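Containing compact mmCIF, C-alpha atoms: final_33.txt.
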```txt
# COMPACT_ATOMS: atom_id res chain seq x y z
CA MET A 25 -17.74 -2.59 0.41
CA PRO A 26 -14.20 -3.82 1.23
CA LEU A 27 -11.44 -1.44 2.22
CA VAL A 28 -8.92 -1.04 -0.60
CA VAL A 29 -5.49 0.30 0.29
CA PRO A 30 -3.19 1.08 -2.68
CA GLY A 31 -0.04 -1.03 -2.59
CA LEU A 32 -1.45 -3.36 0.06
CA MET A 33 -3.87 -5.37 -2.05
CA GLY A 34 -2.72 -7.02 -5.26
CA ASN A 35 0.50 -6.46 -7.14
CA SER A 36 0.38 -2.73 -7.86
CA GLY A 37 4.14 -2.21 -7.82
CA GLY A 38 4.00 -0.25 -4.56
CA ASN A 39 7.24 -1.77 -3.27
CA LYS A 40 9.06 -0.85 -6.48
CA THR A 41 7.66 2.67 -6.26
CA ASP A 42 8.81 3.02 -2.64
CA GLU A 43 12.25 1.74 -3.59
CA TRP A 44 12.61 4.27 -6.43
CA THR A 45 11.20 7.05 -4.24
CA ASN A 46 13.97 6.42 -1.71
CA LYS A 47 16.61 6.38 -4.45
CA LEU A 48 15.49 9.45 -6.43
CA VAL A 49 13.44 12.03 -4.51
CA GLY A 50 15.49 15.16 -3.83
CA LYS A 51 18.20 14.28 -6.37
CA LYS A 52 18.89 15.60 -9.86
CA LEU A 53 19.26 13.27 -12.84
CA SER A 54 22.69 13.19 -14.43
CA GLU A 55 24.33 11.75 -17.53
CA GLN A 56 27.35 10.91 -15.37
CA ASP A 57 27.82 8.87 -12.20
CA SER A 58 25.47 8.76 -9.20
CA ASN A 59 26.39 10.36 -5.87
CA GLU A 60 24.64 11.94 -2.85
CA THR A 61 22.92 14.64 -4.93
CA THR A 62 22.59 13.10 -8.40
CA PHE A 63 21.37 9.85 -9.95
CA CYS A 64 22.70 8.56 -13.26
CA LYS A 65 20.04 8.17 -15.96
CA ARG A 66 21.75 4.95 -17.16
CA ASP A 67 20.74 3.29 -13.88
CA LEU A 68 17.02 3.93 -14.38
CA PRO A 69 14.82 1.08 -15.64
CA GLN A 70 14.51 0.79 -19.41
CA GLU A 71 10.81 1.65 -19.19
CA THR A 72 11.19 5.14 -17.60
CA ARG A 73 9.53 8.45 -18.45
CA VAL A 74 11.02 11.69 -17.07
CA ILE A 75 8.29 14.32 -16.70
CA GLU A 76 9.31 17.96 -16.49
CA PRO A 77 7.01 20.73 -15.16
CA GLY A 78 4.38 21.71 -17.73
CA MET A 79 5.26 18.80 -20.01
CA MET A 80 2.38 17.12 -21.82
CA VAL A 81 2.18 13.36 -21.26
CA THR A 82 -0.08 10.60 -22.50
CA ARG A 83 -2.59 9.05 -20.09
CA ASP A 84 -1.86 5.46 -21.12
CA PHE A 85 -1.23 3.08 -18.23
CA LYS A 86 1.83 0.86 -18.26
CA PRO A 87 2.23 -0.77 -14.84
CA ASP A 88 5.97 -1.40 -15.29
CA ARG A 89 6.80 2.15 -16.46
CA LEU A 90 8.53 4.37 -13.92
CA ASN A 91 7.38 8.00 -14.12
CA VAL A 92 9.93 10.40 -12.65
CA HIS A 93 8.46 13.86 -11.94
CA LEU A 94 10.86 16.81 -11.77
CA LYS A 95 10.55 20.19 -10.05
CA GLU A 96 11.40 23.48 -11.77
CA ASP A 97 15.01 23.25 -10.51
CA GLY A 98 15.44 19.74 -11.95
CA THR A 99 15.27 17.78 -8.72
CA VAL A 100 12.97 14.76 -8.49
CA SER A 101 9.75 15.62 -6.64
CA HIS A 102 8.13 12.16 -6.75
CA VAL A 103 7.92 8.94 -8.72
CA ALA A 104 5.03 6.66 -9.71
CA HIS A 105 4.49 3.53 -11.73
CA GLY A 106 1.93 3.52 -14.53
```

Go ahead and express the file in the form of structure tokens.
Amino acid sequence: MPLVVPGLMGNSGGNKTDEWTNKLVGKKLSEQDSNETTFCKRDLPQETRVIEPGMMVTRDFKPDRLNVHLKEDGTVSHVAHG
């Protein structure tokens, strides 16, 4: 059985996910401009879903959709594509 490493084999969007992780993790989303502690929602990809703690979400897979997961305090904990 071959070794399968996510993001290394195929086009799973790993590079895009890493890029958005670096831009968003630890920041809060804002309706205004981006700075060191906030990121403007207008600058997110069109196909983005913001997921708050306890929020129900569908399990459909869309490889180009950016899922932004928030902590209780509103900061971004992690991001994923799908």

Who sits within 9 Å of A:Arg66, all atoms listed in the file, same chain under 2 positions skipped, as a JSON list (two decimals) with C-alpha atoms, in the coordinates of the input:
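Final output, saved to selection-v9.json:
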```
[["chain", "number", "residue", "atom", "x", "y", "z"],
["A", 54, "SER", "CA", 22.69, 13.19, -14.43],
["A", 55, "GLU", "CA", 24.33, 11.75, -17.53],
["A", 56, "GLN", "CA", 27.35, 10.91, -15.37],
["A", 57, "ASP", "CA", 27.82, 8.87, -12.20],
["A", 63, "PHE", "CA", 21.37, 9.85, -9.95],
["A", 64, "CYS", "CA", 22.70, 8.56, -13.26],
["A", 68, "LEU", "CA", 17.02, 3.93, -14.38],
["A", 69, "PRO", "CA", 14.82, 1.08, -15.64],
["A", 70, "GLN", "CA", 14.51, 0.79, -19.41]]
```

(request) Kindly give the distance, in Å, that separates atom CA of A:Gly50 and atom CA of A:Thr99, rounded to a single decimal. (result)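 So the two atoms, atom CA of A:Gly50 and atom CA of A:Thr99, lie 5.6 Å apart.
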
(request) For stretch 81-91 of chain A, please output as a ChimeraX atom specification all residues within 12 Å (counting only C-alpha atoms; exclusion window: fewer than 6 positions along the same chain). (result) /A:35-38,40-45,48,68-75,100-106

(request) Kindly give the distance, in Å, that separates atom CA of A:Lys52 and atom CA of A:Glu76, rounded to a single decimal. (result)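 Rounded to one decimal, the two atoms are 11.9 Å apart.
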
(message) One number please: atom CA of A:Gly78 to atom CA of A:Lys47, in Å, one decimal.
(response)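 Separation of atom CA of A:Gly78 and atom CA of A:Lys47: 23.7 Å.
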
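Counting only C-alpha atoms, the residue from A:Asn46, A:Glu96, A:Leu53, A:Met79 that sits nearest to A:Lys65 is A:Leu53.
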